[in-house]
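Have a look at entry.cif below; it lists mmCIF, C-alpha atoms and all ligand atoms.
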```
data_structure
loop_
_atom_site.label_atom_id
_atom_site.label_comp_id
_atom_site.auth_asym_id
_atom_site.auth_seq_id
_atom_site.Cartn_x
_atom_site.Cartn_y
_atom_site.Cartn_z
CA MET T 1394 149.83 106.31 141.03
CA MET T 1395 148.22 107.07 137.71
CA LYS T 1396 149.11 103.60 136.51
CA ASP T 1397 147.32 102.02 139.45
CA LYS T 1398 144.29 104.15 138.87
CA LEU T 1399 144.11 103.14 135.22
CA GLN T 1400 144.65 99.50 136.10
CA ASN T 1401 141.77 99.81 138.56
CA ILE T 1402 139.49 101.27 135.93
CA LYS T 1403 140.42 98.51 133.52
CA ASP T 1404 139.79 95.80 136.14
CA GLU T 1405 136.45 97.31 137.02
CA ALA T 1406 135.48 97.52 133.37
CA LEU T 1407 136.45 93.90 132.78
CA LYS T 1408 134.42 92.80 135.76
CA ALA T 1409 131.39 94.72 134.55
CA ILE T 1410 131.77 93.25 131.07
CA GLU T 1411 131.93 89.77 132.50
CA GLN T 1412 128.75 90.34 134.45
CA ALA T 1413 126.85 91.71 131.48
CA ASP T 1414 124.42 89.06 130.23
CA VAL T 1415 122.57 91.05 127.55
CA PRO T 1416 123.86 93.47 124.87
CA GLU T 1417 122.15 96.41 126.59
CA LYS T 1418 124.31 95.90 129.66
CA LEU T 1419 127.45 95.93 127.53
CA ASN T 1420 126.36 99.26 126.23
CA ASP T 1421 125.92 100.50 129.81
CA VAL T 1422 129.54 99.50 130.47
CA ARG T 1423 130.68 101.46 127.40
CA VAL T 1424 128.87 104.56 128.63
CA ARG T 1425 130.06 104.15 132.19
CA PHE T 1426 133.79 103.89 131.32
CA LEU T 1427 134.30 105.36 127.86
CA GLY T 1428 131.38 107.76 127.51
CA LYS T 1429 131.60 111.56 127.67
CA LYS T 1430 131.06 111.50 131.39
CA GLY T 1431 132.79 108.15 131.75
CA GLU T 1432 135.50 107.27 134.25
CA LEU T 1433 138.31 107.16 131.70
CA THR T 1434 137.30 110.49 130.21
CA ALA T 1435 137.45 111.91 133.72
CA VAL T 1436 141.10 110.87 133.92
CA LEU T 1437 141.83 112.66 130.64
CA LYS T 1438 140.15 115.76 131.96
CA GLY T 1439 142.47 115.55 135.00
CA MET T 1440 145.60 115.79 132.80
CA LYS T 1441 146.11 119.39 133.72
CA ASP T 1442 147.19 118.23 137.17
CA VAL T 1443 149.86 115.94 135.71
CA ALA T 1444 153.37 117.26 135.41
CA PRO T 1445 153.98 118.36 131.80
CA GLU T 1446 156.88 115.97 131.28
CA ASP T 1447 154.71 113.01 132.33
CA ARG T 1448 151.75 113.95 130.14
CA PRO T 1449 152.75 112.05 126.97
CA LYS T 1450 153.30 108.92 128.99
CA VAL T 1451 150.03 109.22 130.90
CA GLY T 1452 148.24 110.04 127.68
CA GLN T 1453 149.57 106.89 126.11
CA MET T 1454 148.54 104.83 129.13
CA VAL T 1455 145.02 106.24 128.98
CA ASN T 1456 144.80 105.41 125.27
CA GLU T 1457 146.03 101.89 125.84
CA THR T 1458 143.47 101.35 128.57
CA ARG T 1459 140.72 102.69 126.35
CA ALA T 1460 141.81 100.45 123.49
CA ALA T 1461 141.94 97.43 125.78
CA ILE T 1462 138.45 98.04 127.15
CA GLU T 1463 137.09 98.71 123.66
CA SER T 1464 138.50 95.53 122.24
CA ILE T 1465 137.16 93.40 125.07
CA LEU T 1466 133.77 95.06 124.79
CA GLU T 1467 133.70 94.31 121.08
CA GLU T 1468 134.78 90.74 121.61
CA SER T 1469 132.09 90.18 124.23
CA LYS T 1470 129.49 91.74 122.01
CA VAL T 1471 130.32 89.44 119.12
CA LYS T 1472 130.29 86.43 121.43
CA MET T 1473 127.02 87.42 123.00
CA GLU T 1474 125.34 87.99 119.65
CA ARG T 1475 126.52 84.66 118.38
CA ALA T 1476 125.17 82.91 121.48
CA ILE T 1477 121.80 84.64 121.07
CA ARG T 1478 121.64 83.62 117.41
CA GLU T 1479 122.52 80.02 118.23
CA GLU T 1480 119.90 79.85 120.96
CA LYS T 1481 117.30 81.21 118.55
CA MET T 1482 118.26 78.68 115.89
CA LYS T 1483 117.92 75.90 118.42
CA GLN T 1484 114.42 77.02 119.36
CA GLU T 1485 113.33 77.45 115.79
CA VAL T 1486 114.33 74.00 114.71
CA ILE T 1487 111.55 72.39 112.62
CA ASP T 1488 110.96 68.75 113.30
CA VAL T 1489 109.83 67.50 109.91
CA THR T 1490 108.94 64.12 111.39
CA LEU T 1491 106.14 65.58 113.55
CA PRO T 1492 102.62 64.77 112.33
CA ALA T 1493 101.07 67.76 110.53
CA LYS T 1494 98.35 69.80 112.21
CA LYS T 1495 95.03 68.88 110.69
CA ASN T 1496 93.06 71.73 109.17
CA THR T 1497 89.36 71.19 109.63
CA VAL T 1498 87.84 72.81 106.60
CA GLY T 1499 84.13 73.46 106.69
CA HIS T 1500 81.94 73.09 103.65
CA ARG T 1501 78.67 74.26 102.24
CA HIS T 1502 75.34 73.45 103.85
CA PRO T 1503 73.07 71.16 101.77
CA ASN T 1504 70.64 74.09 101.42
CA THR T 1505 73.43 76.21 99.96
CA ILE T 1506 74.54 73.46 97.61
CA ALA T 1507 70.96 73.04 96.37
CA LEU T 1508 70.49 76.81 95.99
CA GLU T 1509 73.71 77.21 94.04
CA GLU T 1510 72.61 74.40 91.75
CA VAL T 1511 69.23 76.08 91.10
CA GLU T 1512 70.95 79.44 90.55
CA ARG T 1513 73.41 77.85 88.14
CA ILE T 1514 70.55 76.41 86.07
CA PHE T 1515 68.57 79.66 85.86
CA THR T 1516 71.48 82.07 85.39
CA GLY T 1517 72.42 79.74 82.51
CA MET T 1518 69.06 80.63 80.99
CA GLY T 1519 69.69 84.36 81.41
CA TYR T 1520 68.09 85.00 84.78
CA GLU T 1521 69.47 87.63 87.14
CA VAL T 1522 69.57 86.83 90.87
CA VAL T 1523 68.06 89.61 93.05
CA GLU T 1524 67.13 89.82 96.72
CA GLY T 1525 64.29 91.40 98.62
CA PRO T 1526 63.78 92.32 102.29
CA GLU T 1527 62.87 89.64 104.85
CA ILE T 1528 60.89 92.21 106.81
CA GLU T 1529 58.23 93.29 104.35
CA TYR T 1530 55.23 95.56 104.07
CA ASP T 1531 51.88 93.80 104.24
CA GLU T 1532 51.26 95.79 101.05
CA TYR T 1533 53.87 93.83 99.07
CA ASN T 1534 53.50 90.49 100.84
CA PHE T 1535 49.73 90.44 100.28
CA ARG T 1536 47.84 93.36 98.72
CA LYS T 1537 49.96 93.84 95.60
CA LEU T 1538 49.77 90.09 95.03
CA ASN T 1539 46.01 90.16 94.81
CA ILE T 1540 45.54 89.14 98.42
CA PRO T 1541 43.44 91.96 99.92
CA ASP T 1542 42.57 92.20 103.62
CA GLY T 1543 40.15 89.45 104.54
CA HIS T 1544 41.26 87.17 101.72
CA PRO T 1545 41.36 83.53 102.89
CA ALA T 1546 44.92 83.11 101.50
CA LYS T 1547 46.04 85.49 104.24
CA ASP T 1548 44.74 83.05 106.79
CA GLU T 1549 46.52 80.08 105.27
CA GLN T 1550 49.88 81.68 105.83
CA ASP T 1551 49.96 82.19 109.58
CA THR T 1552 51.96 85.33 109.57
CA PHE T 1553 54.38 86.92 112.04
CA TYR T 1554 53.21 90.52 112.28
CA ILE T 1555 55.58 93.26 113.43
CA ASN T 1556 52.73 95.75 113.40
CA LYS T 1557 49.60 95.94 111.31
CA ASP T 1558 51.51 97.09 108.21
CA ILE T 1559 54.77 95.18 108.53
CA VAL T 1560 55.29 91.40 108.49
CA LEU T 1561 58.06 88.84 108.29
CA ARG T 1562 57.49 87.89 104.65
CA THR T 1563 55.58 84.63 104.26
CA GLN T 1564 56.80 84.08 100.70
CA THR T 1565 59.40 85.43 98.27
CA SER T 1566 56.62 86.54 95.90
CA PRO T 1567 56.63 90.18 97.17
CA VAL T 1568 59.96 90.56 95.34
CA GLN T 1569 57.90 90.19 92.13
CA ALA T 1570 55.93 93.33 92.96
CA ARG T 1571 59.05 95.24 93.98
CA ILE T 1572 60.84 94.42 90.71
CA MET T 1573 57.81 95.08 88.49
CA GLU T 1574 57.27 98.48 90.13
CA GLN T 1575 60.75 99.58 89.12
CA GLY T 1576 59.36 99.65 85.58
CA LYS T 1577 62.40 98.20 83.83
CA LEU T 1578 61.21 95.74 81.20
CA PRO T 1579 61.68 93.00 80.18
CA ILE T 1580 62.16 91.19 83.53
CA CYS T 1581 63.91 87.86 84.02
CA ILE T 1582 64.83 87.33 87.66
CA LEU T 1583 65.38 84.69 90.29
CA SER T 1584 64.98 85.69 93.92
CA PRO T 1585 66.00 83.28 96.67
CA GLY T 1586 65.55 84.03 100.35
CA ARG T 1587 64.28 83.29 103.80
CA VAL T 1588 60.56 83.30 104.55
CA PHE T 1589 58.62 82.95 107.79
CA ARG T 1590 55.38 81.34 108.85
CA SER T 1591 53.97 80.69 112.26
CA ASP T 1592 54.19 76.91 111.79
CA GLU T 1593 54.92 74.24 114.38
CA VAL T 1594 58.23 72.44 113.82
CA ASP T 1595 57.89 68.91 112.42
CA ALA T 1596 59.57 66.73 109.78
CA THR T 1597 58.24 68.88 106.93
CA HIS T 1598 57.59 72.28 108.58
CA SER T 1599 59.64 75.02 110.13
CA PRO T 1600 58.73 78.61 111.12
CA SER T 1601 61.56 79.77 108.92
CA PHE T 1602 62.49 78.23 105.58
CA HIS T 1603 63.60 79.33 102.11
CA GLN T 1604 61.95 79.86 98.78
CA ILE T 1605 63.23 80.66 95.33
CA GLU T 1606 60.99 82.93 93.30
CA GLY T 1607 61.18 83.29 89.55
CA LEU T 1608 59.61 85.98 87.36
CA VAL T 1609 59.66 86.61 83.63
CA ILE T 1610 57.79 89.52 82.03
CA ASP T 1611 58.03 90.42 78.37
CA LYS T 1612 55.90 90.76 75.25
CA ASN T 1613 54.34 87.51 74.03
CA ILE T 1614 55.24 85.35 77.04
CA SER T 1615 52.91 82.36 77.13
CA PHE T 1616 52.19 79.33 79.26
CA SER T 1617 54.34 77.23 76.93
CA ASP T 1618 57.35 79.40 77.87
CA LEU T 1619 56.57 78.61 81.50
CA LYS T 1620 56.29 74.90 80.83
CA GLY T 1621 59.42 74.73 78.69
CA THR T 1622 61.49 76.66 81.22
CA LEU T 1623 60.43 74.57 84.21
CA GLU T 1624 60.88 71.35 82.26
CA VAL T 1625 64.50 72.28 81.49
CA PHE T 1626 64.93 73.15 85.16
CA ALA T 1627 63.56 69.79 86.36
CA LYS T 1628 65.69 67.78 83.92
CA GLU T 1629 68.85 69.68 84.88
CA LEU T 1630 68.17 69.28 88.57
CA PHE T 1631 66.92 65.70 88.76
CA GLY T 1632 68.27 64.10 85.57
CA GLU T 1633 67.52 64.00 81.85
CA GLU T 1634 64.93 61.21 82.16
CA THR T 1635 62.74 63.29 84.51
CA LYS T 1636 59.22 64.03 83.27
CA THR T 1637 57.06 66.91 84.41
CA LYS T 1638 53.33 67.26 84.96
CA PHE T 1639 51.34 70.45 85.50
CA ARG T 1640 48.25 70.18 87.68
CA PRO T 1641 45.75 73.06 87.78
CA HIS T 1642 45.90 74.91 91.06
CA HIS T 1643 45.02 78.29 92.50
CA PHE T 1644 47.27 81.13 93.55
CA PRO T 1645 45.80 84.63 93.93
CA PHE T 1646 48.55 86.34 91.94
CA THR T 1647 48.63 84.01 88.92
CA GLU T 1648 45.96 83.02 86.39
CA PRO T 1649 45.98 80.31 85.28
CA SER T 1650 47.96 78.68 88.08
CA ALA T 1651 49.50 75.24 88.39
CA GLU T 1652 51.58 73.01 90.54
CA MET T 1653 54.39 71.12 88.87
CA ASP T 1654 55.16 67.49 89.69
CA VAL T 1655 58.25 65.60 88.58
CA THR T 1656 58.56 61.86 88.10
CA CYS T 1657 60.02 60.28 91.20
CA PHE T 1658 63.77 60.10 90.63
CA LYS T 1659 63.95 57.15 93.01
CA CYS T 1660 61.61 54.76 91.15
CA GLY T 1661 61.40 56.57 87.82
CA GLY T 1662 57.63 56.91 88.12
CA LYS T 1663 56.64 53.34 88.95
CA GLY T 1664 55.65 54.23 92.49
CA CYS T 1665 57.68 53.66 95.65
CA ARG T 1666 57.86 54.56 99.32
CA PHE T 1667 59.62 57.81 98.42
CA CYS T 1668 56.78 59.15 96.25
CA LYS T 1669 54.13 57.45 98.39
CA GLY T 1670 53.31 55.09 95.55
CA SER T 1671 52.17 57.76 93.09
CA GLY T 1672 55.32 57.95 90.95
CA TRP T 1673 55.15 61.78 91.12
CA ILE T 1674 56.60 64.39 93.48
CA GLU T 1675 55.27 67.93 93.73
CA ILE T 1676 58.02 70.53 93.62
CA LEU T 1677 56.69 74.00 92.88
CA GLY T 1678 53.83 76.43 92.31
CA CYS T 1679 53.63 78.53 89.17
CA GLY T 1680 51.36 80.40 86.78
CA MET T 1681 50.85 83.33 84.43
CA VAL T 1682 51.11 86.63 86.31
CA HIS T 1683 47.57 87.87 87.00
CA PRO T 1684 46.66 90.92 84.83
CA HIS T 1685 45.46 92.73 87.93
CA VAL T 1686 48.86 92.22 89.59
CA LEU T 1687 50.59 93.60 86.48
CA GLU T 1688 48.29 96.61 86.57
CA MET T 1689 48.84 97.26 90.29
CA CYS T 1690 52.60 97.25 89.60
CA GLY T 1691 52.31 99.70 86.71
CA ILE T 1692 52.61 97.28 83.78
CA ASP T 1693 50.08 97.27 80.93
CA PRO T 1694 48.64 93.72 80.73
CA GLU T 1695 47.52 94.38 77.14
CA GLU T 1696 51.14 94.80 76.12
CA TYR T 1697 53.04 92.57 78.51
CA THR T 1698 52.51 89.11 79.94
CA GLY T 1699 54.65 86.93 82.12
CA PHE T 1700 55.02 83.87 84.27
CA ALA T 1701 56.14 83.26 87.83
CA PHE T 1702 57.09 80.32 89.96
CA GLY T 1703 57.98 79.61 93.56
CA VAL T 1704 60.11 76.70 94.73
CA GLY T 1705 60.73 75.58 98.30
CA LEU T 1706 64.49 75.31 98.70
CA GLU T 1707 64.38 72.85 101.58
CA ARG T 1708 62.06 70.65 99.58
CA ILE T 1709 64.60 70.50 96.76
CA ALA T 1710 67.45 69.77 99.19
CA LEU T 1711 65.45 67.04 100.95
CA LEU T 1712 64.52 65.42 97.66
CA LYS T 1713 67.92 65.70 96.05
CA TYR T 1714 69.78 64.29 99.03
CA GLU T 1715 67.03 61.92 100.18
CA ILE T 1716 66.79 63.44 103.63
CA ASP T 1717 63.62 62.42 105.42
CA ASP T 1718 63.45 65.07 108.17
CA MET T 1719 63.70 68.81 107.54
CA ARG T 1720 64.85 69.44 111.12
CA LEU T 1721 68.21 67.88 110.24
CA LEU T 1722 68.89 70.87 107.99
CA TYR T 1723 68.75 73.26 110.94
CA GLU T 1724 70.35 71.29 113.74
CA ASN T 1725 73.97 71.87 112.67
CA ASP T 1726 74.94 68.34 113.57
CA ILE T 1727 78.37 67.85 112.00
CA ARG T 1728 77.77 64.10 111.55
CA PHE T 1729 74.81 64.94 109.33
CA LEU T 1730 76.30 67.94 107.52
CA LYS T 1731 79.54 66.12 106.68
CA GLN T 1732 77.72 63.79 104.31
CA PHE T 1733 77.09 66.28 101.50
N1 LIG S 1 54.29 82.09 96.95
C1 LIG S 1 53.67 80.78 96.81
C2 LIG S 1 53.66 80.09 98.15
O1 LIG S 1 54.40 80.47 99.01
C3 LIG S 1 54.42 79.95 95.80
C4 LIG S 1 54.21 80.45 94.41
C5 LIG S 1 53.17 79.96 93.65
C6 LIG S 1 55.03 81.42 93.86
C7 LIG S 1 52.92 80.39 92.37
C8 LIG S 1 54.80 81.87 92.56
C9 LIG S 1 53.74 81.35 91.81
O2 LIG S 1 55.57 82.81 91.99
O3 LIG S 1 53.53 81.77 90.55
O4 LIG S 1 52.93 79.18 98.33
#
```
Could you rewrite the structure in this file as structure tokens?
Amino acid sequence: MMKDKLQNIKDEALKAIEQADVPEKLNDVRVRFLGKKGELTAVLKGMKDVAPEDRPKVGQMVNETRAAIESILEESKVKMERAIREEKMKQEVIDVTLPAKKNTVGHRHPNTIALEEVERIFTGMGYEVVEGPEIEYDEYNFRKLNIPDGHPAKDEQDTFYINKDIVLRTQTSPVQARIMEQGKLPICILSPGRVFRSDEVDATHSPSFHQIEGLVIDKNISFSDLKGTLEVFAKELFGEETKTKFRPHHFPFTEPSAEMDVTCFKCGGKGCRFCKGSGWIEILGCGMVHPHVLEMCGIDPEEYTGFAFGVGLERIALLKYEIDDMRLLYENDIRFLKQF
């Protein structure tokens, strides 16, 4: 009787083990037959009903059954784990003959390349790169640069007004006033950034472009410092054989003011299509900081002097890479951008 019962339990357990397809199910079988409330344990608990003389024998039979189920469970578990591992290995096989996935790596925009080149040249001469706000007070963009209300220079730069006191800066020059006001002297800074003008888009204009402002203030700074500095800059940027020429000009915040031309790097100054036959290309505005501007920014013009310059970044990029339409710089056409 007892023997049959145990045989039944064993058969059932074996069947359940066979049907188990994942390790969790094997564990369920263990609980169901061998666990505290398991079927085999129930038989042990029923020993009190067995005649005392039969108990050792029944006990042994129960133990044998338990051992048998345990060993088969263990065997199945090992087998199942091996099968899972093999399946995983099969799926994780690496086919080294497959072509590699191509990584498309982006690269720097021609504007960025040109800017980093300009920054490299000036930081090499001891300049510090600083930034100013793109949304600027009319006060800094105009008034502190000697451009009072009603000044014609305000008209020339068709400005985006946010309200009557706040504008999208039309030039990077307001950073000059901001730095001078801080009162830390001497000053030797370069300030690149985005500027805005209400211009129609064409091959040489855009409502948003970039400038690089430079400012040096110290005792005994003269126009020859300005010329020497910008000459080094031009030679570094366009080549050692480049010559520079300063033409008198007018900017409200500098006196005297000039525009700097460089010899055309395409024809070397002989005159070509690139420089429209003149042999020269204009690249920046500059001058000695106006004493009134120094005063408005809290610097004594009797003690300190300085020079400033403003370069159009796009202009440099267009010249350096011989690009004939500024719009290409903003269109994000990969075929164009890939070339730099
Ligand atoms: N801010 C001027 C412009 O946008 C460029 C310029 C000229 C900047 C002379 C300067 C300077 O610092 O000294 O046209």
Counting only C-alpha atoms and all ligand atoms, give me one row per residue of chain T with an atom at most 6 Å from an atom of ligand LIG 1 (chain S), showing the shortest contact pair and its distance in Å to one decimal, sorted by chain then residue number, as a tab-separated table.
```
residue	atom	partner	partner_atom	distance
T:Gln1564	CA	S:LIG1	O1	4.7
T:Ser1566	CA	S:LIG1	N1	5.1
T:Glu1606	CA	S:LIG1	O2	5.6
T:Phe1644	CA	S:LIG1	C7	5.8
T:Thr1647	CA	S:LIG1	O3	5.6
T:Gly1678	CA	S:LIG1	C5	3.8
T:Cys1679	CA	S:LIG1	O3	3.5
T:Gly1680	CA	S:LIG1	O3	4.6
T:Ala1701	CA	S:LIG1	O3	4.1
T:Phe1702	CA	S:LIG1	O2	3.6
T:Gly1703	CA	S:LIG1	C6	3.5
```
Next, dump the selected residues to file, keeping only C-alpha atoms, as a short mmCIF file (atom, residue, chain, number, x, y, z; two decimals), in the coordinates of the input.
```cif
data_model
loop_
_atom_site.label_atom_id
_atom_site.label_comp_id
_atom_site.auth_asym_id
_atom_site.auth_seq_id
_atom_site.Cartn_x
_atom_site.Cartn_y
_atom_site.Cartn_z
CA GLN T 1564 56.80 84.08 100.70
CA SER T 1566 56.62 86.54 95.90
CA GLU T 1606 60.99 82.93 93.30
CA PHE T 1644 47.27 81.13 93.55
CA THR T 1647 48.63 84.01 88.92
CA GLY T 1678 53.83 76.43 92.31
CA CYS T 1679 53.63 78.53 89.17
CA GLY T 1680 51.36 80.40 86.78
CA ALA T 1701 56.14 83.26 87.83
CA PHE T 1702 57.09 80.32 89.96
CA GLY T 1703 57.98 79.61 93.56
#
```
*Neighbours of Gln1732 of chain T within 12 Å (all atoms listed in the file; same-chain residues fewer than 6 positions away dropped), as a PyMOL selection string?*
chain T and resi 1499-1503+1714-1716+1721-1722+1726
*What does the distance between atom CA of Phe1667 of chain T and atom CA of Thr1635 of chain T come to in Å, to one decimal place?*
15.3 Å
*Find the residues near Pro1645 of chain T: any atom within 12 Å, counting all atoms listed in the file, skip ones fewer than 5 places away on the same chain, and give them as a PyMOL selection string.*
chain T and resi 1534-1541+1544-1547+1566+1650-1651+1678-1686
*Using all atoms listed in the file, which of the listed residues (T:Arg1720, T:Ile1676, T:Thr1563, T:Gly1661) sits closest to Glu1593 of chain T?*
T:Arg1720
_Point-to-point distance from atom CA of Glu1405 of chain T to atom CA of Arg1423 of chain T, Å rounded to tenths_ = 12.0 Å
Generate N, CA and C atoms for segment 1647-1672 of chain T and emit them as a PDB file, in the frame of the given file.
```
ATOM      1  N   THR T1647      48.423  84.561  90.268  1.00  0.00           N
ATOM      2  CA  THR T1647      48.630  84.010  88.920  1.00  0.00           C
ATOM      3  C   THR T1647      47.297  83.489  88.376  1.00  0.00           C
ATOM      4  N   GLU T1648      47.173  83.537  87.044  1.00  0.00           N
ATOM      5  CA  GLU T1648      45.960  83.020  86.390  1.00  0.00           C
ATOM      6  C   GLU T1648      46.260  82.710  84.929  1.00  0.00           C
ATOM      7  N   PRO T1649      46.239  81.489  84.459  1.00  0.00           N
ATOM      8  CA  PRO T1649      45.980  80.310  85.280  1.00  0.00           C
ATOM      9  C   PRO T1649      47.171  79.952  86.173  1.00  0.00           C
ATOM     10  N   SER T1650      46.906  79.116  87.161  1.00  0.00           N
ATOM     11  CA  SER T1650      47.960  78.680  88.080  1.00  0.00           C
ATOM     12  C   SER T1650      48.103  77.166  88.005  1.00  0.00           C
ATOM     13  N   ALA T1651      49.280  76.687  88.408  1.00  0.00           N
ATOM     14  CA  ALA T1651      49.500  75.240  88.390  1.00  0.00           C
ATOM     15  C   ALA T1651      50.504  74.847  89.461  1.00  0.00           C
ATOM     16  N   GLU T1652      50.495  73.567  89.758  1.00  0.00           N
ATOM     17  CA  GLU T1652      51.580  73.010  90.540  1.00  0.00           C
ATOM     18  C   GLU T1652      52.310  72.037  89.625  1.00  0.00           C
ATOM     19  N   MET T1653      53.644  72.023  89.735  1.00  0.00           N
ATOM     20  CA  MET T1653      54.390  71.120  88.870  1.00  0.00           C
ATOM     21  C   MET T1653      54.884  69.919  89.662  1.00  0.00           C
ATOM     22  N   ASP T1654      54.632  68.728  89.111  1.00  0.00           N
ATOM     23  CA  ASP T1654      55.160  67.490  89.690  1.00  0.00           C
ATOM     24  C   ASP T1654      56.277  66.981  88.799  1.00  0.00           C
ATOM     25  N   VAL T1655      57.224  66.280  89.385  1.00  0.00           N
ATOM     26  CA  VAL T1655      58.250  65.600  88.580  1.00  0.00           C
ATOM     27  C   VAL T1655      58.156  64.104  88.850  1.00  0.00           C
ATOM     28  N   THR T1656      58.560  63.304  87.863  1.00  0.00           N
ATOM     29  CA  THR T1656      58.560  61.860  88.100  1.00  0.00           C
ATOM     30  C   THR T1656      59.563  61.550  89.200  1.00  0.00           C
ATOM     31  N   CYS T1657      59.175  60.647  90.053  1.00  0.00           N
ATOM     32  CA  CYS T1657      60.020  60.280  91.200  1.00  0.00           C
ATOM     33  C   CYS T1657      61.374  59.787  90.697  1.00  0.00           C
ATOM     34  N   PHE T1658      62.448  60.474  91.137  1.00  0.00           N
ATOM     35  CA  PHE T1658      63.770  60.100  90.630  1.00  0.00           C
ATOM     36  C   PHE T1658      64.283  58.827  91.296  1.00  0.00           C
ATOM     37  N   LYS T1659      63.545  58.368  92.304  1.00  0.00           N
ATOM     38  CA  LYS T1659      63.950  57.150  93.010  1.00  0.00           C
ATOM     39  C   LYS T1659      63.467  55.905  92.236  1.00  0.00           C
ATOM     40  N   CYS T1660      62.179  55.943  91.821  1.00  0.00           N
ATOM     41  CA  CYS T1660      61.610  54.760  91.150  1.00  0.00           C
ATOM     42  C   CYS T1660      61.346  55.014  89.671  1.00  0.00           C
ATOM     43  N   GLY T1661      61.607  56.246  89.225  1.00  0.00           N
ATOM     44  CA  GLY T1661      61.400  56.570  87.820  1.00  0.00           C
ATOM     45  C   GLY T1661      59.936  56.669  87.444  1.00  0.00           C
ATOM     46  N   GLY T1662      59.043  56.713  88.423  1.00  0.00           N
ATOM     47  CA  GLY T1662      57.630  56.910  88.120  1.00  0.00           C
ATOM     48  C   GLY T1662      56.770  55.685  88.366  1.00  0.00           C
ATOM     49  N   LYS T1663      57.419  54.569  88.721  1.00  0.00           N
ATOM     50  CA  LYS T1663      56.640  53.340  88.950  1.00  0.00           C
ATOM     51  C   LYS T1663      55.844  53.399  90.248  1.00  0.00           C
ATOM     52  N   GLY T1664      56.307  54.175  91.181  1.00  0.00           N
ATOM     53  CA  GLY T1664      55.650  54.230  92.490  1.00  0.00           C
ATOM     54  C   GLY T1664      56.494  53.529  93.528  1.00  0.00           C
ATOM     55  N   CYS T1665      56.849  54.270  94.588  1.00  0.00           N
ATOM     56  CA  CYS T1665      57.680  53.660  95.650  1.00  0.00           C
ATOM     57  C   CYS T1665      57.363  54.365  96.964  1.00  0.00           C
ATOM     58  N   ARG T1666      58.076  53.969  98.003  1.00  0.00           N
ATOM     59  CA  ARG T1666      57.860  54.560  99.320  1.00  0.00           C
ATOM     60  C   ARG T1666      58.146  56.070  99.293  1.00  0.00           C
ATOM     61  N   PHE T1667      59.163  56.420  98.477  1.00  0.00           N
ATOM     62  CA  PHE T1667      59.620  57.810  98.420  1.00  0.00           C
ATOM     63  C   PHE T1667      58.532  58.753  97.902  1.00  0.00           C
ATOM     64  N   CYS T1668      57.808  58.288  96.844  1.00  0.00           N
ATOM     65  CA  CYS T1668      56.780  59.150  96.250  1.00  0.00           C
ATOM     66  C   CYS T1668      55.387  58.715  96.727  1.00  0.00           C
ATOM     67  N   LYS T1669      55.375  57.962  97.796  1.00  0.00           N
ATOM     68  CA  LYS T1669      54.130  57.450  98.390  1.00  0.00           C
ATOM     69  C   LYS T1669      53.287  56.698  97.364  1.00  0.00           C
ATOM     70  N   GLY T1670      53.994  55.975  96.490  1.00  0.00           N
ATOM     71  CA  GLY T1670      53.310  55.090  95.550  1.00  0.00           C
ATOM     72  C   GLY T1670      52.762  55.743  94.296  1.00  0.00           C
ATOM     73  N   SER T1671      52.821  57.098  94.223  1.00  0.00           N
ATOM     74  CA  SER T1671      52.170  57.760  93.090  1.00  0.00           C
ATOM     75  C   SER T1671      53.086  57.875  91.868  1.00  0.00           C
ATOM     76  N   GLY T1672      54.388  57.773  92.064  1.00  0.00           N
ATOM     77  CA  GLY T1672      55.320  57.950  90.950  1.00  0.00           C
ATOM     78  C   GLY T1672      55.646  59.416  90.686  1.00  0.00           C
TER      79      GLY T1672
END
```
